[in-house]
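K.L.:
Please read through the structure below; I'll follow up with questions.
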Amino acid sequence: MRVVEVPVLIVGAGPVGMLMAALLADQGIESLLVERRDDLHLAPQAHVINTRTQEILAGIGVTDEALAGITTHSGDARFVTWRRNLAEGDLARIDIGSPGYLAGMAAASGKRTANIPQHHLERLLFAQVSRRVRCQARFGHAWQGAEHNEHCVVSSVREAATGAVYRVRSEWLIAADGAGSPVRRSLELPMVGETNLAHLITINFEADIRHLVKDSPSILFWVLSAAAPGTFIVHDSARYSVFMTPYFPQHESPADFPLARCERLLRTALGDRHMPLRITSLSNWTMQAHIAASYCKQRTFLVGDAAHRFPPTGGLGLNTGAADAHNLAWKLANVIRGRAGPGLLDTYGDERKPVAERNCGVSVANHWKMREVTAALGLDDDKLPTLARLRASAPARALPAALRSAVKRMLVAPVDARTRRVQLAATPRFAAIQRNVQQAAEAQMEHFNTLGLDLGYVYRSAAVCGSEAMPSGPPMATSSVLGVAQSFTPGGRLPHFRLKDASGASATSHDLVGNGHFLLAGFGRHGKACAGLAAGASQRLGGLPVHGVDIGAVIHCADKQQLSLWNRGLPDGVILVRPDGHIAWRHASVTDVQAEDVLAALCRVLQAPVSSPLAATRPPFNTLAKVHQ
């Protein structure tokens with residue numbers, strides 16, 4: 001049987017799997033990416049790409065211009081709107097792109113959250129993977145199982161086109177194969193959390209709906225209708241959108257939603273029964289909130305949806321997965337290259353699992369909190385299954401189709417009439433209800449603005465050195481979801497500030513990190529020593545990439561006053577920043593930082609002994625071309 005040898009086998013060529021391959025390749029590590037699908041996804045699926053994910057994408061060479069080319073909303077489409085159907089006026093509307101929130105985002109990052117459909121992002125990532133010689137992607141190749149031993153993983157992979165099975169011998173196996181992850185299941189790693197939060201039918205369709213939404217340029221429309229409840233995701237109002245509507249398995253199944261019925265539901269939700277449209281695909285899915293009990297087992301790691309699945313209420317799933325890959329890639333690369341001890345890999349789950357648990361909890365809370373809007377309207381979400389139960393009953397099934405439709409109209413008419421009177425504020429009573437609905441909608445802001453979750457998490461693990469001289473906790477934003485308080489706290493992300501640039505080009509602190517290297521940055525009296533200290537540490541650690549910089553010499557003058565604030569009022573300091581942009585160590589003292597201090601911090605992060613740092617070694621599996629028959 002044919003055997004392929006490669007340092008890392010990645011199962012799953014979704015966004016997280018492809019990002020993982022590119023990140024490893026940029027640090028000199030070869031990988032093989034296998035995907036059971038024949039091609040990339042054709043439907044949008046996830047669509048919120050946050051600031052942190054865009055920073056990570058920039059690190060692999062994805063330009064702002066490339067992302068702008070696949071972003072499907074202009075700056076004015078910043079609203080989330082509630083309506084009875086798209087053709088009628090607003091019941092409520094909130095501005096999720098307010099000047100205050102955007103100013104906070106600009107202060108914390110050079111990137112801005114955007115609406116980028118997943119199938120467009122996948123093509124951009126595939127182009128990145130394809131141009132790297134150290135990674136290879138094979139579609140139509142299904143992972144079937146693996147044998148594990150102390151030194152490697154031997155996987156069986158089946159090529160769909162020929163039926164041939166071959167083996168892949170790898171040092172490490174990465175499960176990026178989605179929520180149903182065959183790799184995770186083979187390891188018998190349980191998922192912990194809430195199941196069956198909701199069941200939904202997804203209708204992808206092409207239509208020009210600009211005439212329906214022009215008065216409220218919104219990314220999301222929530223349809224509060226008894227006849228066709230659901231949510232519109234408007235990717236491109238001139239071309240294509242998505243409508244999701246619930247179904248209730250105790251009374252019906254996806255088989256009860258054929259194309260004709262889905263078109264009727266869609267037209268009802270649009271409020272235009274005659275406009276041209278084409279349904280391009282139908283699918284069904286179950287909303288769940290699960291975290292893997294462990295993110296690794298033996299020589300296998302879980303990333304993305306294989307490790308966690310959240311409700312989409314917050315747009316956190318794909319973005320959490322991107323940060324998983326970013327966290328794991330530099331650690332895996334350093335272990336493979338012999339620059340770090342295996343204990344460094346244990347910190348992957350220690351750091352990323354708490355982030356997933358936090359994001360999952362917020363997503364679930366968002367899901368249930370949305371009921372406040374319908375409750376303010378005077379509707380009871382728990383009664384939504386009633387129609388499904390009646391349709392499934394034996395008497396209803398015996399009725400002619402026309403009569404069944406008449407009964408349905410009779411049942412939903414009072415609800416929709418009430419909703420329409422609220423929308424029109426037909427009387428003072430209904431005007432008061434409309435104000436309540438608006439207030440309930442405004443209380444949903446943490447559902448749509450998540451800067452604190454995107455950027456504010458602080459790692460606690462063996463790969464972060466604490467500082468006894470400083471307070472233990474990081475500064476806190478007013479809302480841990482909406483805002484982020486930047487600081488030099490170990491475990492937190494390097495603050496965002498502008499750099500001097502004589503040419504006038506835009507550059508920030510985040511351009512100083514990444515590409516697999518550590519950053520030793522000093523300010524005040526310690527700044528000038530950092531270049532020499534970094535070079536010395538790099539030499540003693542077998543060529544480990546460590547860059548030194550004097551922050552005071554490169555920071556834009558307008559941001560200089562922030563340095564002392566980020567360091568808790570102290571004018572001098574040194575920070576060690578990991579390749580993923582998180583601060584690993586801080587020296588905040590008037591005493592000079594010593595070479596041994598820097599070396600000790602690096603060795604602690606890398607889980608390598610200070611007295612005898614690990615020497616750089618060549619990976620045992622070092623070429624995709626190494627194939628045995």
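Each chain in the structure tokens gets a letter, A, B and so on, in the order shown; residues start at 1 in every chain, and ligands are counted from 1 in the order they appear.
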Just the residues within 8 Å of A:Arg460, please, counting only C-alpha atoms, with nothing from its chain fewer than 6 positions along; format it as a list of chain:residue names.
P.N.:
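After dropping sequence-adjacent residues, the list is A:Asp350, A:Glu351, A:Gly491.
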K.L.:
For the interface of stretch 6-57 of chain A with stretch 302-305 of chain A (cut-off 12 Å, counting only C-alpha atoms), please tabulate each contacting residue of stretch 6-57 of chain A alongside its nearest pair of atoms and their separation in Å to one decimal, rows sorted by chain and increasing number, as CSV.
P.N.:
residue,atom,partner,partner_atom,distance
A:Ile10,CA,A:Val303,CA,10.0
A:Val11,CA,A:Leu302,CA,10.0
A:Gly12,CA,A:Val303,CA,10.1
A:Ala13,CA,A:Gly304,CA,11.4
A:Gly14,CA,A:Gly304,CA,9.4
A:Pro15,CA,A:Gly304,CA,9.0
A:Val16,CA,A:Gly304,CA,6.2
A:Gly17,CA,A:Val303,CA,8.1
A:Met18,CA,A:Gly304,CA,11.4
A:Leu19,CA,A:Gly304,CA,10.8
A:Met20,CA,A:Val303,CA,9.1
A:Ala46,CA,A:Asp305,CA,11.7
K.L.:
Have a look at atom CA of A:Gly230 and atom CA of A:Trp285 and let me know their distance in Å, one decimal.
P.N.:
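Going from atom CA of A:Gly230 over to atom CA of A:Trp285 covers 14.0 Å.
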K.L.:
Run DSSP on the backbone and give me the residues of stretch 108-332 of chain A it puts in strand (DSSP E or B), as a ChimeraX atom specification.
P.N.:
/A:114-115,135-139,141-148,153-159,165-175,191-206,218-223,230-236,240-246,278-292,296-297,300-302,308-309
K.L.:
Give me, as CSV, each residue of stretch 96-163 of chain A that comes within 12 Å of stretch 216-219 of chain A, together with its shortest interatomic pair and the distance in Å at one decimal, counting only C-alpha atoms, with rows ordered by chain and rising residue number.
P.N.:
residue,atom,partner,partner_atom,distance
A:Ile96,CA,A:Ser218,CA,9.6
A:Gly97,CA,A:Ser218,CA,10.7
A:Ala114,CA,A:Ile219,CA,10.3
A:Asn115,CA,A:Ile219,CA,8.0
A:Ile116,CA,A:Ile219,CA,11.1
A:Pro117,CA,A:Ile219,CA,11.8
K.L.:
Please provide as a PyMOL selection string all residues within 9 Å of A:Arg52, with the sequence filter that same-chain residues fewer than 4 positions apart are discarded (counting only C-alpha atoms).
P.N.:
chain A and resi 56-57+109+111-113+319+322-323+454-455
K.L.:
Just all heavy atoms for this one: save the residues we selected as an mmCIF file, in the first residue's frame.
P.N.:
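Generated output (out19.cif):
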data_model
loop_
_atom_site.group_PDB
_atom_site.id
_atom_site.type_symbol
_atom_site.label_atom_id
_atom_site.label_comp_id
_atom_site.auth_asym_id
_atom_site.auth_seq_id
_atom_site.Cartn_x
_atom_site.Cartn_y
_atom_site.Cartn_z
ATOM 1 N N ILE A 56 -5.192 37.953 11.585
ATOM 2 C CA ILE A 56 -4.536 36.670 11.315
ATOM 3 C C ILE A 56 -4.384 36.454 9.818
ATOM 4 O O ILE A 56 -3.340 35.997 9.332
ATOM 5 C CB ILE A 56 -5.330 35.527 11.971
ATOM 6 C CG1 ILE A 56 -5.304 35.680 13.498
ATOM 7 C CG2 ILE A 56 -4.769 34.172 11.560
ATOM 8 C CD1 ILE A 56 -6.290 34.773 14.227
ATOM 9 N N LEU A 57 -5.418 36.783 9.058
ATOM 10 C CA LEU A 57 -5.352 36.647 7.600
ATOM 11 C C LEU A 57 -4.272 37.552 7.013
ATOM 12 O O LEU A 57 -3.549 37.154 6.084
ATOM 13 C CB LEU A 57 -6.708 36.982 6.987
ATOM 14 C CG LEU A 57 -7.837 35.984 7.269
ATOM 15 C CD1 LEU A 57 -9.170 36.548 6.779
ATOM 16 C CD2 LEU A 57 -7.565 34.639 6.616
ATOM 17 N N SER A 109 -7.665 48.014 16.800
ATOM 18 C CA SER A 109 -7.174 47.223 15.673
ATOM 19 C C SER A 109 -7.176 48.058 14.408
ATOM 20 O O SER A 109 -7.978 48.992 14.258
ATOM 21 C CB SER A 109 -8.065 45.987 15.459
ATOM 22 O OG SER A 109 -7.673 45.262 14.312
ATOM 23 N N LYS A 111 -8.015 46.678 11.717
ATOM 24 C CA LYS A 111 -9.003 45.971 10.905
ATOM 25 C C LYS A 111 -10.407 46.267 11.414
ATOM 26 O O LYS A 111 -10.597 46.709 12.548
ATOM 27 C CB LYS A 111 -8.754 44.466 10.935
ATOM 28 C CG LYS A 111 -7.316 44.055 10.592
ATOM 29 C CD LYS A 111 -6.910 44.495 9.193
ATOM 30 C CE LYS A 111 -5.483 44.064 8.889
ATOM 31 N NZ LYS A 111 -5.014 44.549 7.560
ATOM 32 N N ARG A 112 -11.380 45.977 10.552
ATOM 33 C CA ARG A 112 -12.776 46.229 10.902
ATOM 34 C C ARG A 112 -13.621 45.021 10.521
ATOM 35 O O ARG A 112 -13.499 44.494 9.417
ATOM 36 C CB ARG A 112 -13.278 47.478 10.171
ATOM 37 C CG ARG A 112 -14.746 47.804 10.396
ATOM 38 C CD ARG A 112 -15.093 49.137 9.768
ATOM 39 N NE ARG A 112 -16.529 49.362 9.733
ATOM 40 C CZ ARG A 112 -17.102 50.479 9.294
ATOM 41 N NH1 ARG A 112 -16.327 51.472 8.862
ATOM 42 N NH2 ARG A 112 -18.406 50.608 9.283
ATOM 43 N N THR A 113 -14.452 44.564 11.450
ATOM 44 C CA THR A 113 -15.329 43.428 11.193
ATOM 45 C C THR A 113 -16.118 43.648 9.906
ATOM 46 O O THR A 113 -16.604 44.756 9.650
ATOM 47 C CB THR A 113 -16.289 43.227 12.373
ATOM 48 O OG1 THR A 113 -15.514 42.896 13.537
ATOM 49 C CG2 THR A 113 -17.282 42.120 12.105
ATOM 50 N N ASN A 319 -14.640 32.483 13.630
ATOM 51 C CA ASN A 319 -13.597 33.365 14.165
ATOM 52 C C ASN A 319 -12.847 32.717 15.328
ATOM 53 O O ASN A 319 -11.624 32.852 15.444
ATOM 54 C CB ASN A 319 -14.223 34.690 14.603
ATOM 55 C CG ASN A 319 -14.785 35.468 13.428
ATOM 56 O OD1 ASN A 319 -14.060 35.876 12.545
ATOM 57 N ND2 ASN A 319 -16.096 35.645 13.408
ATOM 58 N N ALA A 322 -10.433 30.287 13.749
ATOM 59 C CA ALA A 322 -9.249 30.930 13.162
ATOM 60 C C ALA A 322 -8.210 31.210 14.238
ATOM 61 O O ALA A 322 -7.001 31.003 14.040
ATOM 62 C CB ALA A 322 -9.649 32.218 12.449
ATOM 63 N N ALA A 323 -8.657 31.669 15.409
ATOM 64 C CA ALA A 323 -7.725 31.932 16.507
ATOM 65 C C ALA A 323 -7.169 30.638 17.082
ATOM 66 O O ALA A 323 -6.034 30.602 17.578
ATOM 67 C CB ALA A 323 -8.411 32.756 17.596
ATOM 68 N N ASP A 454 -13.728 39.347 20.739
ATOM 69 C CA ASP A 454 -12.784 39.170 19.627
ATOM 70 C C ASP A 454 -11.342 39.417 20.064
ATOM 71 O O ASP A 454 -10.426 38.717 19.625
ATOM 72 C CB ASP A 454 -13.124 40.138 18.489
ATOM 73 C CG ASP A 454 -14.533 39.957 17.949
ATOM 74 O OD1 ASP A 454 -15.128 38.902 18.210
ATOM 75 O OD2 ASP A 454 -15.031 40.889 17.285
ATOM 76 N N LEU A 455 -11.141 40.428 20.914
ATOM 77 C CA LEU A 455 -9.784 40.894 21.204
ATOM 78 C C LEU A 455 -9.408 40.890 22.679
ATOM 79 O O LEU A 455 -8.231 41.056 23.010
ATOM 80 C CB LEU A 455 -9.606 42.327 20.669
ATOM 81 C CG LEU A 455 -9.894 42.567 19.191
ATOM 82 C CD1 LEU A 455 -9.730 44.049 18.871
ATOM 83 C CD2 LEU A 455 -8.985 41.728 18.319
#
K.L.:
Set out as a Markdown table a contact list for stretch 16-36 of chain A and stretch 144-164 of chain A with a cut-off of 12 Å, giving each residue of stretch 16-36 of chain A that qualifies its closest atom pair and distance in Å to one decimal, counting only C-alpha atoms, ordered by chain and rising residue number.
P.N.:
| residue | atom | partner | partner_atom | distance |
| --- | --- | --- | --- | --- |
| A:Leu32 | CA | A:Val157 | CA | 11.5 |
| A:Leu33 | CA | A:Val157 | CA | 11.1 |
| A:Val34 | CA | A:Val157 | CA | 8.2 |
| A:Glu35 | CA | A:Val157 | CA | 9.8 |
| A:Arg36 | CA | A:Ala160 | CA | 7.9 |
K.L.:
Go ahead and dump the residues you just picked, N, CA, C and O atoms, as a compact mmCIF listing (two decimals), in the first residue's frame.
P.N.:
# COMPACT_ATOMS: atom_id res chain seq x y z
N LEU A 32 -0.11 18.08 4.72
CA LEU A 32 -1.01 17.56 3.70
C LEU A 32 -2.43 17.79 4.20
O LEU A 32 -2.77 17.45 5.34
N LEU A 33 -3.25 18.38 3.35
CA LEU A 33 -4.63 18.73 3.68
C LEU A 33 -5.55 17.82 2.88
O LEU A 33 -5.50 17.81 1.65
N VAL A 34 -6.38 17.03 3.55
CA VAL A 34 -7.31 16.14 2.85
C VAL A 34 -8.74 16.54 3.18
O VAL A 34 -9.06 16.89 4.32
N GLU A 35 -9.60 16.49 2.17
CA GLU A 35 -11.00 16.92 2.30
C GLU A 35 -11.88 15.94 1.54
O GLU A 35 -11.66 15.68 0.35
N ARG A 36 -12.91 15.42 2.22
CA ARG A 36 -13.79 14.44 1.58
C ARG A 36 -14.67 15.08 0.50
O ARG A 36 -15.07 14.40 -0.45
K.L.:
Determine the nearest neighbour of A:Glu194 from the options A:Ser564, A:Ser294, A:Gln288, A:Asn436, counting only C-alpha atoms.
P.N.:
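Residue with the minimum atom-to-atom distance to A:Glu194: A:Gln288.
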K.L.:
With a distance cut-off of 10 Å and only C-alpha atoms, select the neighbouring residues of A:Pro311, excluding the residue or stretch itself and same-chain residues fewer than 5 positions from it, and output the selection as a PyMOL selection string.
P.N.:
chain A and resi 197-198+286-290+316-317+359-367
K.L.:
Hey, can you spit out that residue selection with C-alpha atoms as a PDB file, in the first residue's frame?
P.N.:
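Result saved to again03.pdb:
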ATOM      1  CA  LEU A 197     -31.432  24.409  20.953  1.00  0.00           C
ATOM      2  CA  ALA A 198     -33.260  24.867  17.658  1.00  0.00           C
ATOM      3  CA  THR A 286     -29.460  21.736  14.418  1.00  0.00           C
ATOM      4  CA  MET A 287     -28.327  24.562  16.664  1.00  0.00           C
ATOM      5  CA  GLN A 288     -26.094  23.188  19.406  1.00  0.00           C
ATOM      6  CA  ALA A 289     -23.676  24.468  22.023  1.00  0.00           C
ATOM      7  CA  HIS A 290     -20.894  21.945  22.578  1.00  0.00           C
ATOM      8  CA  LEU A 316     -18.234  33.620  16.812  1.00  0.00           C
ATOM      9  CA  GLY A 317     -17.753  30.094  15.473  1.00  0.00           C
ATOM     10  CA  ASN A 359     -17.921  32.491  23.431  1.00  0.00           C
ATOM     11  CA  CYS A 360     -20.291  29.544  23.596  1.00  0.00           C
ATOM     12  CA  GLY A 361     -21.945  30.877  26.738  1.00  0.00           C
ATOM     13  CA  VAL A 362     -22.482  34.312  25.199  1.00  0.00           C
ATOM     14  CA  SER A 363     -23.875  32.763  21.997  1.00  0.00           C
ATOM     15  CA  VAL A 364     -26.400  30.693  23.946  1.00  0.00           C
ATOM     16  CA  ALA A 365     -27.393  33.721  26.028  1.00  0.00           C
ATOM     17  CA  ASN A 366     -27.880  35.701  22.809  1.00  0.00           C
ATOM     18  CA  HIS A 367     -30.121  32.963  21.422  1.00  0.00           C
TER      19      HIS A 367
END
K.L.:
Among stretch 62-148 of chain A, which residues does DSSP mark as alpha helix (DSSP H) when it is run on the backbone? Keep the chain and numbering as in the structure and answer as a CSV table (one decimal) with N, CA, C and O atoms, in the first residue's frame.
P.N.:
chain,number,residue,atom,x,y,z
A,64,ASP,N,-5.9,43.9,2.6
A,64,ASP,CA,-7.2,44.5,2.8
A,64,ASP,C,-8.0,44.6,1.5
A,64,ASP,O,-9.2,44.5,1.5
A,65,GLU,N,-7.2,44.8,0.4
A,65,GLU,CA,-7.9,45.0,-0.9
A,65,GLU,C,-8.5,43.6,-1.3
A,65,GLU,O,-9.7,43.6,-1.9
A,66,ALA,N,-7.9,42.5,-1.0
A,66,ALA,CA,-8.4,41.2,-1.3
A,66,ALA,C,-9.7,41.0,-0.5
A,66,ALA,O,-10.7,40.5,-1.1
A,67,LEU,N,-9.7,41.3,0.7
A,67,LEU,CA,-10.9,41.2,1.5
A,67,LEU,C,-12.0,42.1,1.1
A,67,LEU,O,-13.2,41.7,1.1
A,68,ALA,N,-11.6,43.3,0.8
A,68,ALA,CA,-12.7,44.3,0.3
A,68,ALA,C,-13.4,43.8,-1.0
A,68,ALA,O,-14.5,44.0,-1.2
A,69,GLY,N,-12.6,43.0,-1.8
A,69,GLY,CA,-13.2,42.5,-3.0
A,69,GLY,C,-14.2,41.4,-2.8
A,69,GLY,O,-15.0,41.1,-3.7
A,70,ILE,N,-14.3,40.8,-1.6
A,70,ILE,CA,-15.3,39.8,-1.3
A,70,ILE,C,-16.2,40.2,-0.2
A,70,ILE,O,-17.0,39.4,0.2
A,99,PRO,N,-20.9,55.4,15.5
A,99,PRO,CA,-19.6,56.0,15.5
A,99,PRO,C,-18.8,55.7,16.7
A,99,PRO,O,-17.6,55.4,16.7
A,100,GLY,N,-19.4,55.5,17.9
A,100,GLY,CA,-18.7,55.2,19.1
A,100,GLY,C,-18.1,53.8,19.1
A,100,GLY,O,-17.0,53.6,19.5
A,101,TYR,N,-18.9,52.9,18.6
A,101,TYR,CA,-18.4,51.5,18.5
A,101,TYR,C,-17.2,51.4,17.5
A,101,TYR,O,-16.2,50.7,17.8
A,102,LEU,N,-17.4,52.0,16.4
A,102,LEU,CA,-16.4,52.0,15.3
A,102,LEU,C,-15.1,52.7,15.8
A,102,LEU,O,-14.0,52.2,15.5
A,103,ALA,N,-15.2,53.7,16.6
A,103,ALA,CA,-14.1,54.4,17.1
A,103,ALA,C,-13.3,53.5,18.1
A,103,ALA,O,-12.1,53.4,18.1
A,104,GLY,N,-14.0,52.7,18.9
A,104,GLY,CA,-13.4,51.7,19.8
A,104,GLY,C,-12.7,50.7,19.0
A,104,GLY,O,-11.6,50.2,19.4
A,105,MET,N,-13.3,50.2,17.9
A,105,MET,CA,-12.7,49.2,17.1
A,105,MET,C,-11.4,49.7,16.5
A,105,MET,O,-10.4,49.0,16.4
A,106,ALA,N,-11.5,51.0,16.0
A,106,ALA,CA,-10.3,51.6,15.3
A,106,ALA,C,-9.1,51.7,16.3
A,106,ALA,O,-8.0,51.6,15.9
A,107,ALA,N,-9.5,52.0,17.6
A,107,ALA,CA,-8.4,52.2,18.6
A,107,ALA,C,-7.7,50.9,18.9
A,107,ALA,O,-6.6,50.8,19.3
A,108,ALA,N,-8.5,49.8,18.8
A,108,ALA,CA,-8.0,48.5,19.2
A,108,ALA,C,-7.4,47.6,18.0
A,108,ALA,O,-6.7,46.7,18.3
A,118,GLN,N,-18.7,32.8,3.7
A,118,GLN,CA,-17.6,31.8,3.8
A,118,GLN,C,-17.1,31.2,2.5
A,118,GLN,O,-16.0,31.0,2.4
A,119,HIS,N,-18.1,31.0,1.6
A,119,HIS,CA,-17.6,30.4,0.3
A,119,HIS,C,-16.7,31.3,-0.5
A,119,HIS,O,-15.8,30.9,-1.2
A,120,HIS,N,-16.8,32.6,-0.3
A,120,HIS,CA,-15.8,33.6,-0.9
A,120,HIS,C,-14.5,33.5,-0.2
A,120,HIS,O,-13.4,33.5,-0.8
A,121,LEU,N,-14.6,33.5,1.2
A,121,LEU,CA,-13.4,33.4,2.0
A,121,LEU,C,-12.6,32.1,1.7
A,121,LEU,O,-11.3,32.2,1.6
A,122,GLU,N,-13.3,31.0,1.5
A,122,GLU,CA,-12.6,29.8,1.2
A,122,GLU,C,-11.8,29.9,-0.1
A,122,GLU,O,-10.7,29.3,-0.2
A,123,ARG,N,-12.3,30.5,-1.1
A,123,ARG,CA,-11.6,30.6,-2.4
A,123,ARG,C,-10.4,31.5,-2.2
A,123,ARG,O,-9.3,31.2,-2.8
A,124,LEU,N,-10.5,32.5,-1.4
A,124,LEU,CA,-9.3,33.3,-1.2
A,124,LEU,C,-8.2,32.5,-0.4
A,124,LEU,O,-7.0,32.6,-0.7
A,125,LEU,N,-8.7,31.8,0.6
A,125,LEU,CA,-7.7,30.9,1.4
A,125,LEU,C,-7.1,29.8,0.5
A,125,LEU,O,-5.9,29.5,0.6
A,126,PHE,N,-7.9,29.2,-0.4
A,126,PHE,CA,-7.4,28.2,-1.2
A,126,PHE,C,-6.3,28.7,-2.1
A,126,PHE,O,-5.3,28.1,-2.4
A,127,ALA,N,-6.5,30.0,-2.6
A,127,ALA,CA,-5.4,30.6,-3.4
A,127,ALA,C,-4.1,30.7,-2.6
A,127,ALA,O,-3.0,30.6,-3.1
A,128,GLN,N,-4.3,31.1,-1.3
A,128,GLN,CA,-3.1,31.2,-0.5
A,128,GLN,C,-2.4,29.9,-0.3
A,128,GLN,O,-1.2,29.8,-0.4
A,129,VAL,N,-3.2,28.8,0.0
A,129,VAL,CA,-2.6,27.5,0.2
A,129,VAL,C,-1.9,27.0,-1.1
A,129,VAL,O,-0.8,26.4,-1.1
A,130,SER,N,-2.6,27.3,-2.3
A,130,SER,CA,-2.1,26.8,-3.5
A,130,SER,C,-0.7,27.3,-3.9
A,130,SER,O,0.1,26.7,-4.6
K.L.:
Which polymer residues have any atom within 9 Å of an atom of A:Gly349, counting only C-alpha atoms, with same-chain residues fewer than 5 positions away left out, as number ranges by chain?
P.N.:
A: 294-296, 301, 354
K.L.:
Just give me the gap between atom CA of A:Lys369 and atom CA of A:Lys353 in Å, one decimal is fine.
P.N.:
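Distance between the two atoms: 24.1 Å.
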